[in-house]
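A.B. asks: Sharing work_0.cif below, mmCIF, C-alpha atoms:
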data_start
#
loop_
_atom_site.group_PDB
_atom_site.id
_atom_site.type_symbol
_atom_site.label_atom_id
_atom_site.label_comp_id
_atom_site.auth_asym_id
_atom_site.auth_seq_id
_atom_site.Cartn_x
_atom_site.Cartn_y
_atom_site.Cartn_z
ATOM 1 C CA MET A 7 -40.987 -90.325 -182.401
ATOM 2 C CA LEU A 8 -41.187 -89.531 -186.122
ATOM 3 C CA PRO A 9 -39.601 -91.841 -188.726
ATOM 4 C CA ASP A 10 -35.939 -91.202 -189.561
ATOM 5 C CA SER A 11 -36.513 -90.652 -193.259
ATOM 6 C CA TYR A 12 -38.973 -88.787 -195.450
ATOM 7 C CA ASP A 13 -41.389 -90.304 -197.942
ATOM 8 C CA ALA A 14 -41.529 -87.349 -200.362
ATOM 9 C CA GLY A 15 -39.948 -83.932 -200.917
ATOM 10 C CA LEU A 16 -41.228 -80.402 -201.342
ATOM 11 C CA HIS A 17 -40.073 -77.427 -203.397
ATOM 12 C CA PHE A 18 -40.630 -73.983 -201.940
ATOM 13 C CA ILE A 19 -42.205 -71.992 -204.789
ATOM 14 C CA GLY A 20 -42.212 -68.530 -203.221
ATOM 15 C CA ARG A 21 -42.626 -66.583 -199.988
ATOM 16 C CA LEU A 22 -45.462 -64.916 -198.089
ATOM 17 C CA ARG A 23 -44.867 -61.301 -197.101
ATOM 18 C CA THR A 24 -46.900 -60.251 -194.076
ATOM 19 C CA PRO A 25 -46.672 -57.457 -191.461
ATOM 20 C CA TRP A 26 -45.849 -59.951 -188.671
ATOM 21 C CA SER A 27 -42.275 -60.873 -187.745
ATOM 22 C CA ALA A 28 -42.921 -62.592 -184.395
ATOM 23 C CA ARG A 29 -45.480 -65.254 -183.575
ATOM 24 C CA GLY A 30 -47.106 -63.157 -180.858
ATOM 25 C CA GLN A 31 -47.951 -60.487 -183.437
ATOM 26 C CA CYS A 32 -49.823 -62.817 -185.793
ATOM 27 C CA PRO A 33 -53.636 -62.657 -185.789
ATOM 28 C CA LYS A 34 -55.370 -65.757 -184.418
ATOM 29 C CA ASN A 35 -56.742 -66.454 -187.883
ATOM 30 C CA GLY A 36 -56.987 -64.772 -191.258
ATOM 31 C CA LEU A 37 -60.335 -63.128 -190.537
ATOM 32 C CA GLN A 38 -58.963 -61.170 -187.583
ATOM 33 C CA SER A 39 -56.933 -58.831 -189.755
ATOM 34 C CA ASP A 40 -57.701 -56.683 -192.787
ATOM 35 C CA ALA A 41 -54.029 -56.550 -193.784
ATOM 36 C CA VAL A 42 -53.300 -56.980 -197.467
ATOM 37 C CA CYS A 43 -50.356 -59.372 -197.709
ATOM 38 C CA THR A 44 -48.162 -60.250 -200.672
ATOM 39 C CA VAL A 45 -47.544 -63.659 -202.186
ATOM 40 C CA GLU A 46 -44.204 -63.605 -204.002
ATOM 41 C CA VAL A 47 -43.948 -66.434 -206.529
ATOM 42 C CA ASP A 48 -40.443 -67.420 -207.677
ATOM 43 C CA PRO A 49 -39.719 -66.656 -211.367
ATOM 44 C CA LEU A 50 -39.445 -70.374 -212.174
ATOM 45 C CA TYR A 51 -43.102 -70.884 -211.236
ATOM 46 C CA ALA A 52 -44.545 -67.506 -212.270
ATOM 47 C CA PRO A 53 -45.998 -68.780 -215.594
ATOM 48 C CA GLY A 54 -48.314 -70.940 -213.471
ATOM 49 C CA LEU A 55 -50.168 -67.760 -212.428
ATOM 50 C CA GLN A 56 -51.812 -67.416 -215.840
ATOM 51 C CA ASN A 57 -55.645 -67.315 -215.444
ATOM 52 C CA VAL A 58 -55.439 -66.982 -211.651
ATOM 53 C CA SER A 59 -56.812 -63.424 -211.850
ATOM 54 C CA GLY A 60 -60.243 -64.830 -212.675
ATOM 55 C CA CYS A 61 -60.557 -66.221 -209.144
ATOM 56 C CA THR A 62 -62.068 -64.176 -206.335
ATOM 57 C CA HIS A 63 -60.652 -66.515 -203.687
ATOM 58 C CA LEU A 64 -57.639 -68.826 -203.528
ATOM 59 C CA ILE A 65 -56.386 -71.607 -201.285
ATOM 60 C CA LEU A 66 -52.775 -71.114 -200.234
ATOM 61 C CA LEU A 67 -50.696 -73.967 -198.848
ATOM 62 C CA TYR A 68 -47.545 -72.981 -197.015
ATOM 63 C CA TRP A 69 -44.869 -74.486 -194.818
ATOM 64 C CA MET A 70 -44.716 -73.730 -191.099
ATOM 65 C CA ASP A 71 -40.955 -74.127 -191.007
ATOM 66 C CA ARG A 72 -40.588 -73.282 -187.319
ATOM 67 C CA ALA A 73 -43.161 -75.772 -186.059
ATOM 68 C CA GLU A 74 -42.477 -78.861 -183.978
ATOM 69 C CA ARG A 75 -43.466 -82.002 -185.884
ATOM 70 C CA GLY A 76 -43.579 -84.740 -183.245
ATOM 71 C CA LEU A 77 -46.750 -83.805 -181.323
ATOM 72 C CA VAL A 78 -49.763 -86.030 -181.916
ATOM 73 C CA ARG A 79 -51.474 -84.558 -178.871
ATOM 74 C CA GLN A 80 -51.093 -81.002 -177.640
ATOM 75 C CA ARG A 81 -52.726 -78.474 -175.350
ATOM 76 C CA PRO A 82 -54.163 -75.440 -177.173
ATOM 77 C CA ARG A 83 -54.061 -72.102 -175.388
ATOM 78 C CA HIS A 84 -57.868 -71.901 -175.113
ATOM 79 C CA ALA A 85 -58.487 -75.436 -173.799
ATOM 80 C CA ALA A 86 -58.212 -77.128 -170.424
ATOM 81 C CA GLY A 87 -56.714 -80.457 -171.480
ATOM 82 C CA SER A 88 -54.761 -81.898 -174.376
ATOM 83 C CA ARG A 89 -56.359 -82.611 -177.745
ATOM 84 C CA GLY A 90 -55.498 -84.663 -180.778
ATOM 85 C CA THR A 91 -53.389 -82.753 -183.304
ATOM 86 C CA PHE A 92 -55.786 -83.592 -186.156
ATOM 87 C CA SER A 93 -58.643 -81.832 -184.335
ATOM 88 C CA LEU A 94 -56.619 -78.589 -184.309
ATOM 89 C CA ARG A 95 -55.253 -76.119 -186.860
ATOM 90 C CA SER A 96 -52.053 -75.687 -184.839
ATOM 91 C CA PRO A 97 -48.864 -75.407 -186.943
ATOM 92 C CA ALA A 98 -47.338 -78.238 -184.856
ATOM 93 C CA ARG A 99 -48.210 -81.416 -186.794
ATOM 94 C CA PRO A 100 -46.347 -84.282 -188.534
ATOM 95 C CA ASN A 101 -46.462 -82.399 -191.852
ATOM 96 C CA PRO A 102 -46.638 -78.687 -190.976
ATOM 97 C CA ILE A 103 -48.581 -77.655 -194.071
ATOM 98 C CA ALA A 104 -50.861 -74.723 -193.311
ATOM 99 C CA LEU A 105 -53.893 -73.785 -195.366
ATOM 100 C CA SER A 106 -55.570 -70.410 -195.727
ATOM 101 C CA VAL A 107 -58.506 -69.340 -197.832
ATOM 102 C CA VAL A 108 -57.653 -65.842 -199.057
ATOM 103 C CA GLU A 109 -59.392 -63.153 -201.042
ATOM 104 C CA LEU A 110 -57.485 -62.160 -204.182
ATOM 105 C CA VAL A 111 -57.123 -58.363 -204.164
ATOM 106 C CA GLY A 112 -54.647 -57.897 -207.003
ATOM 107 C CA LEU A 113 -52.048 -59.523 -209.231
ATOM 108 C CA THR A 114 -48.921 -57.708 -210.440
ATOM 109 C CA GLY A 115 -46.326 -59.709 -212.334
ATOM 110 C CA ALA A 116 -45.388 -62.623 -210.090
ATOM 111 C CA SER A 117 -46.898 -61.073 -206.944
ATOM 112 C CA LEU A 118 -50.401 -61.559 -205.610
ATOM 113 C CA GLN A 119 -52.041 -59.204 -203.136
ATOM 114 C CA VAL A 120 -54.330 -61.152 -200.825
ATOM 115 C CA ARG A 121 -56.412 -60.671 -197.701
ATOM 116 C CA GLY A 122 -56.821 -63.418 -195.082
ATOM 117 C CA LEU A 123 -53.323 -64.502 -194.054
ATOM 118 C CA ASP A 124 -52.203 -64.902 -190.444
ATOM 119 C CA CYS A 125 -48.635 -66.210 -190.761
ATOM 120 C CA LEU A 126 -45.116 -64.905 -190.199
ATOM 121 C CA ASP A 127 -43.328 -62.776 -192.769
ATOM 122 C CA GLY A 128 -41.124 -64.927 -195.014
ATOM 123 C CA THR A 129 -43.145 -68.143 -194.674
ATOM 124 C CA PRO A 130 -42.376 -70.522 -197.589
ATOM 125 C CA LEU A 131 -45.152 -71.027 -200.141
ATOM 126 C CA LEU A 132 -46.037 -74.536 -201.376
ATOM 127 C CA ASP A 133 -49.079 -74.190 -203.600
ATOM 128 C CA ILE A 134 -51.832 -71.911 -204.914
ATOM 129 C CA LYS A 135 -55.219 -73.394 -205.830
ATOM 130 C CA PRO A 136 -58.472 -71.875 -207.087
ATOM 131 C CA TYR A 137 -61.225 -71.966 -204.435
ATOM 132 C CA TYR A 138 -64.406 -73.575 -205.736
ATOM 133 C CA ALA A 139 -67.547 -72.735 -203.764
ATOM 134 C CA THR A 140 -69.208 -75.911 -205.061
ATOM 135 C CA THR A 141 -66.687 -78.307 -203.519
ATOM 136 C CA ASP A 142 -64.859 -76.210 -200.903
ATOM 137 C CA SER A 143 -67.624 -74.232 -199.176
ATOM 138 C CA ARG A 144 -69.517 -75.963 -196.354
ATOM 139 C CA PRO A 145 -71.322 -73.241 -194.388
ATOM 140 C CA GLU A 146 -73.125 -75.891 -192.302
ATOM 141 C CA ALA A 147 -69.906 -77.443 -190.937
ATOM 142 C CA ARG A 148 -69.533 -77.679 -187.159
ATOM 143 C CA VAL A 149 -66.553 -78.582 -184.985
ATOM 144 C CA ASP A 150 -68.460 -79.173 -181.745
ATOM 145 C CA ARG A 151 -70.911 -81.867 -182.700
ATOM 146 C CA ALA A 152 -72.270 -83.376 -179.474
ATOM 147 C CA GLY A 153 -72.865 -86.994 -178.621
ATOM 148 C CA THR A 154 -70.094 -88.368 -180.741
ATOM 149 C CA GLY A 155 -67.911 -89.816 -178.048
ATOM 150 C CA GLU A 156 -64.370 -88.710 -177.398
ATOM 151 C CA ARG A 157 -64.582 -85.022 -176.628
ATOM 152 C CA MET B 9 -37.132 -77.664 -214.993
ATOM 153 C CA LEU B 10 -37.574 -78.186 -211.248
ATOM 154 C CA PRO B 11 -34.665 -77.660 -208.830
ATOM 155 C CA ASP B 12 -32.409 -80.673 -208.205
ATOM 156 C CA SER B 13 -32.970 -80.767 -204.456
ATOM 157 C CA TYR B 14 -35.893 -80.496 -202.073
ATOM 158 C CA ASP B 15 -36.451 -77.793 -199.464
ATOM 159 C CA ALA B 16 -38.423 -79.908 -196.971
ATOM 160 C CA GLY B 17 -39.595 -83.474 -196.437
ATOM 161 C CA LEU B 18 -42.938 -85.172 -195.833
ATOM 162 C CA HIS B 19 -44.008 -88.174 -193.784
ATOM 163 C CA PHE B 20 -46.882 -90.270 -195.128
ATOM 164 C CA ILE B 21 -49.212 -90.692 -192.137
ATOM 165 C CA GLY B 22 -51.694 -93.159 -193.619
ATOM 166 C CA ARG B 23 -53.537 -94.201 -196.762
ATOM 167 C CA LEU B 24 -56.841 -93.395 -198.444
ATOM 168 C CA ARG B 25 -58.975 -96.406 -199.366
ATOM 169 C CA THR B 26 -61.352 -95.694 -202.246
ATOM 170 C CA PRO B 27 -63.269 -97.810 -204.783
ATOM 171 C CA TRP B 28 -61.120 -96.501 -207.672
ATOM 172 C CA SER B 29 -57.977 -98.278 -208.862
ATOM 173 C CA ALA B 30 -57.473 -96.509 -212.208
ATOM 174 C CA ARG B 31 -57.543 -92.806 -212.939
ATOM 175 C CA GLY B 32 -60.328 -93.129 -215.499
ATOM 176 C CA GLN B 33 -62.631 -94.551 -212.809
ATOM 177 C CA CYS B 34 -62.223 -91.634 -210.395
ATOM 178 C CA PRO B 35 -65.088 -89.127 -210.135
ATOM 179 C CA LYS B 36 -64.298 -85.649 -211.451
ATOM 180 C CA ASN B 37 -64.595 -84.286 -207.948
ATOM 181 C CA GLY B 38 -65.708 -85.431 -204.528
ATOM 182 C CA LEU B 39 -69.310 -84.290 -204.991
ATOM 183 C CA GLN B 40 -69.864 -86.574 -207.982
ATOM 184 C CA SER B 41 -69.872 -89.729 -205.890
ATOM 185 C CA ASP B 42 -71.715 -90.839 -202.752
ATOM 186 C CA ALA B 43 -69.080 -93.473 -201.991
ATOM 187 C CA VAL B 44 -68.021 -93.758 -198.376
ATOM 188 C CA CYS B 45 -64.220 -94.058 -198.378
ATOM 189 C CA THR B 46 -61.850 -95.007 -195.584
ATOM 190 C CA VAL B 47 -58.963 -92.992 -194.191
ATOM 191 C CA GLU B 48 -56.469 -95.375 -192.589
ATOM 192 C CA VAL B 49 -54.187 -93.561 -190.155
ATOM 193 C CA ASP B 50 -50.900 -95.285 -189.255
ATOM 194 C CA PRO B 51 -50.660 -96.427 -185.596
ATOM 195 C CA LEU B 52 -47.853 -93.949 -184.897
ATOM 196 C CA TYR B 53 -50.216 -91.038 -185.621
ATOM 197 C CA ALA B 54 -53.516 -92.521 -184.415
ATOM 198 C CA PRO B 55 -53.492 -90.675 -181.039
ATOM 199 C CA GLY B 56 -53.813 -87.474 -183.067
ATOM 200 C CA LEU B 57 -57.397 -88.458 -183.911
ATOM 201 C CA GLN B 58 -58.598 -87.670 -180.402
ATOM 202 C CA ASN B 59 -61.473 -85.100 -180.547
ATOM 203 C CA VAL B 60 -61.792 -85.382 -184.336
ATOM 204 C CA SER B 61 -65.212 -87.037 -183.960
ATOM 205 C CA GLY B 62 -66.668 -83.668 -182.950
ATOM 206 C CA CYS B 63 -66.166 -82.354 -186.491
ATOM 207 C CA THR B 64 -68.842 -82.725 -189.143
ATOM 208 C CA HIS B 65 -66.377 -81.927 -191.940
ATOM 209 C CA LEU B 66 -62.623 -82.331 -192.357
ATOM 210 C CA ILE B 67 -59.949 -81.125 -194.732
ATOM 211 C CA LEU B 68 -57.748 -83.934 -195.996
ATOM 212 C CA LEU B 69 -54.369 -83.256 -197.589
ATOM 213 C CA TYR B 70 -52.877 -86.106 -199.580
ATOM 214 C CA TRP B 71 -50.049 -86.797 -201.983
ATOM 215 C CA MET B 72 -50.686 -87.350 -205.687
ATOM 216 C CA ASP B 73 -47.699 -89.670 -206.008
ATOM 217 C CA ARG B 74 -48.238 -90.437 -209.692
ATOM 218 C CA ALA B 75 -48.479 -86.818 -210.857
ATOM 219 C CA GLU B 76 -45.992 -85.003 -213.044
ATOM 220 C CA ARG B 77 -44.424 -82.080 -211.185
ATOM 221 C CA GLY B 78 -42.793 -79.966 -213.884
ATOM 222 C CA LEU B 79 -45.844 -78.417 -215.565
ATOM 223 C CA VAL B 80 -46.454 -74.737 -214.826
ATOM 224 C CA ARG B 81 -48.907 -74.560 -217.733
ATOM 225 C CA GLN B 82 -51.138 -77.359 -218.893
ATOM 226 C CA ARG B 83 -54.215 -78.023 -221.008
ATOM 227 C CA PRO B 84 -57.203 -79.279 -219.011
ATOM 228 C CA ARG B 85 -59.534 -81.732 -220.729
ATOM 229 C CA HIS B 86 -62.442 -79.260 -220.765
ATOM 230 C CA ALA B 87 -60.547 -76.222 -222.119
ATOM 231 C CA ALA B 88 -59.406 -75.099 -225.532
ATOM 232 C CA GLY B 89 -55.980 -73.736 -224.655
ATOM 233 C CA SER B 90 -53.385 -74.111 -221.934
ATOM 234 C CA ARG B 91 -53.839 -72.571 -218.501
ATOM 235 C CA GLY B 92 -51.613 -71.759 -215.572
ATOM 236 C CA THR B 93 -51.238 -74.640 -213.137
ATOM 237 C CA PHE B 94 -52.215 -72.459 -210.172
ATOM 238 C CA SER B 95 -55.605 -71.730 -211.760
ATOM 239 C CA LEU B 96 -56.364 -75.468 -211.838
ATOM 240 C CA ARG B 97 -56.917 -78.259 -209.307
ATOM 241 C CA SER B 98 -55.023 -80.729 -211.515
ATOM 242 C CA PRO B 99 -52.780 -83.175 -209.609
ATOM 243 C CA ALA B 100 -49.872 -82.124 -211.858
ATOM 244 C CA ARG B 101 -48.189 -79.268 -209.960
ATOM 245 C CA PRO B 102 -44.771 -78.512 -208.404
ATOM 246 C CA ASN B 103 -45.931 -79.888 -205.040
ATOM 247 C CA PRO B 104 -48.668 -82.441 -205.813
ATOM 248 C CA ILE B 105 -50.587 -81.921 -202.576
ATOM 249 C CA ALA B 106 -54.304 -82.458 -203.111
ATOM 250 C CA LEU B 107 -57.015 -81.098 -200.847
ATOM 251 C CA SER B 108 -60.532 -82.395 -200.301
ATOM 252 C CA VAL B 109 -63.253 -81.218 -197.979
ATOM 253 C CA VAL B 110 -64.965 -84.368 -196.738
ATOM 254 C CA GLU B 111 -67.965 -85.182 -194.560
ATOM 255 C CA LEU B 112 -67.063 -87.287 -191.534
ATOM 256 C CA VAL B 113 -69.411 -90.282 -191.492
ATOM 257 C CA GLY B 114 -67.758 -92.399 -188.810
ATOM 258 C CA LEU B 115 -64.637 -93.078 -186.780
ATOM 259 C CA THR B 116 -63.535 -96.564 -185.729
ATOM 260 C CA GLY B 117 -60.163 -96.955 -184.046
ATOM 261 C CA ALA B 118 -57.624 -95.430 -186.425
ATOM 262 C CA SER B 119 -59.971 -95.426 -189.424
ATOM 263 C CA LEU B 120 -62.259 -92.634 -190.549
ATOM 264 C CA GLN B 121 -65.213 -93.148 -192.857
ATOM 265 C CA VAL B 122 -65.689 -90.110 -195.071
ATOM 266 C CA ARG B 123 -67.719 -88.946 -198.044
ATOM 267 C CA GLY B 124 -66.285 -86.599 -200.684
ATOM 268 C CA LEU B 125 -63.074 -88.188 -201.962
ATOM 269 C CA ASP B 126 -62.209 -88.587 -205.637
ATOM 270 C CA CYS B 127 -58.712 -90.122 -205.587
ATOM 271 C CA LEU B 128 -57.101 -93.457 -206.336
ATOM 272 C CA ASP B 129 -57.115 -96.297 -203.825
ATOM 273 C CA GLY B 130 -53.902 -96.320 -201.796
ATOM 274 C CA THR B 131 -53.163 -92.579 -202.071
ATOM 275 C CA PRO B 132 -50.795 -91.463 -199.278
ATOM 276 C CA LEU B 133 -52.296 -89.243 -196.571
ATOM 277 C CA LEU B 134 -50.441 -86.122 -195.376
ATOM 278 C CA ASP B 135 -52.752 -84.330 -192.953
ATOM 279 C CA ILE B 136 -56.216 -84.125 -191.403
ATOM 280 C CA LYS B 137 -57.582 -80.739 -190.309
ATOM 281 C CA PRO B 138 -60.900 -79.633 -188.813
ATOM 282 C CA TYR B 139 -62.996 -77.615 -191.286
ATOM 283 C CA TYR B 140 -64.107 -74.280 -189.837
ATOM 284 C CA ALA B 141 -67.073 -72.679 -191.579
ATOM 285 C CA THR B 142 -66.011 -69.263 -190.281
ATOM 286 C CA THR B 143 -62.633 -69.224 -192.030
ATOM 287 C CA ASP B 144 -62.921 -71.938 -194.701
ATOM 288 C CA SER B 145 -66.397 -71.429 -196.187
ATOM 289 C CA ARG B 146 -66.748 -68.801 -198.932
ATOM 290 C CA PRO B 147 -70.043 -69.473 -200.706
ATOM 291 C CA GLU B 148 -69.659 -66.269 -202.729
ATOM 292 C CA ALA B 149 -66.348 -67.324 -204.325
ATOM 293 C CA ARG B 150 -66.150 -67.315 -208.130
ATOM 294 C CA VAL B 151 -63.540 -68.660 -210.529
ATOM 295 C CA ASP B 152 -64.724 -66.843 -213.636
ATOM 296 C CA ARG B 153 -64.574 -63.233 -212.580
ATOM 297 C CA ALA B 154 -64.732 -61.110 -215.735
ATOM 298 C CA GLY B 155 -62.756 -58.030 -216.641
ATOM 299 C CA THR B 156 -59.615 -59.005 -214.800
ATOM 300 C CA GLY B 157 -57.274 -59.405 -217.702
ATOM 301 C CA GLU B 158 -55.617 -62.634 -218.581
ATOM 302 C CA ARG B 159 -58.410 -65.084 -219.263
#
Taking this structure as input, can you express it in the form of structure tokens?
C.D. replies:
Amino acid sequence: MLPDSYDAGLHFIGRLRTPWSARGQCPKNGLQSDAVCTVEVDPLYAPGLQNVSGCTHLILLYWMDRAERGLVRQRPRHAAGSRGTFSLRSPARPNPIALSVVELVGLTGASLQVRGLDCLDGTPLLDIKPYYATTDSRPEARVDRAGTGER
Amino acid sequence: MLPDSYDAGLHFIGRLRTPWSARGQCPKNGLQSDAVCTVEVDPLYAPGLQNVSGCTHLILLYWMDRAERGLVRQRPRHAAGSRGTFSLRSPARPNPIALSVVELVGLTGASLQVRGLDCLDGTPLLDIKPYYATTDSRPEARVDRAGTGER
């Protein structure tokens, strides 16, 4: 059901090294594991890491290269019925870009040590961004607001 | 300096409608404006919005289609020297995917009304994700940690 052609292209800029080589091994989310994982940035992009060490937390964007892309509705494991893809963090989505907020533990050369990943070993990296508490932190956010219709 | 070919492709799934048609008009970040903007989701992907209305906040990923992609270091307007691209939220980056946390104000058909955008009118939309306070909110995060070397 997806269009035949793409509208834009991505460069993989590195790889994520994690302890998990099969999907069933991955934690449900980044908070469910204390594992320190490694972000390997390709040499071409390594100069972009300058000043990153000043950040306590980072946003990583990465590519779920094994995910199905054509599902606009899907049934999550924990739910009774199907739900809209954009109400879920499932890797299966039209553009399978995953996002994790990670804690920066260390930086050595072109490798970052981070805590908070939940993905497969070898997952392609797309971007690294500084996490700003002012614009990115919303402790009051809820995903189960009642009385809003289609739930 | 970027590779000649792409590693993966993106589908634009909609457009962001904002009051800003030139870069100089855009707020510095999404908190600097109270403007309610519109997320127009293409009909093909509209069924994916089911259940989204239960979320108070969303993460939007969108494509900075006018950004330069080859800069791994750049000089931000507020800084004296150049900085690594991955320490900045500048649109100029190898994969110009921007991220905003927005407040969901309303949902009508395939259009969302949101507060917290800072981008140009017509910007292509890539993804909509529910914002989870448990994994996405880090009020303690800092970007100016001292004593960590390269600042």
A.B. asks: Evaluating the PyMOL selection byres ((chain B) within 7 of (chain A)) on the displayed file yields which residues, as an NGL selection string?
C.D. replies: :B and (14-20 or 39 or 53 or 55-65 or 80-81 or 91-97 or 102-103 or 109 or 134-141 or 143-154 or 156 or 158-159)
A.B. asks: Would you compute the distance between atom CA of A:Trp26 and atom CA of A:Ala41? Give it in Å to one decimal.
C.D. replies: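 Computing the Euclidean distance for atom CA of A:Trp26 and atom CA of A:Ala41 yields 10.2 Å.
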A.B. asks: Taking the file as shown, what set of residues would the PyMOL selection byres ((chain A and resi 22) around 8) give back, as a list in words?
C.D. replies: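 So the PyMOL selection byres ((chain A and resi 22) around 8) ends up selecting Gly20, Arg21, Arg23, Thr24, Cys43, Thr44, Val45, Glu46, Leu126, Asp127, Gly128, Thr129, Pro130 and Leu131 of chain A.
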A.B. asks: Could you state the separation of atom CA of A:Tyr68 and atom CA of B:Arg83 in Å, given to one decimal place?
C.D. replies: 25.4 Å
A.B. asks: Record the distance separating atom CA of B:Val49 and atom CA of B:Leu112, expressed in Å with one decimal.
C.D. replies: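 Calculated distance between atom CA of B:Val49 and atom CA of B:Leu112 is 14.4 Å.
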A.B. asks: Nearest residue to A:Ser27 out of A:Asp48, A:Asp40, A:Asp124, A:Glu74, using all atoms listed in the file?
C.D. replies: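 Of A:Asp48, A:Asp40, A:Asp124, A:Glu74, the one nearest A:Ser27, counting all atoms listed in the file, is A:Asp124.
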A.B. asks: Go through A:Val120, A:Ala28, A:Ala86, A:Val111 one by one, measure the shortest atom-to-atom distance of each to A:Arg72 using only C-alpha atoms, and give the residue with the smallest value.
C.D. replies: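 Using only C-alpha atoms, the shortest distance to A:Arg72 belongs to A:Ala28.
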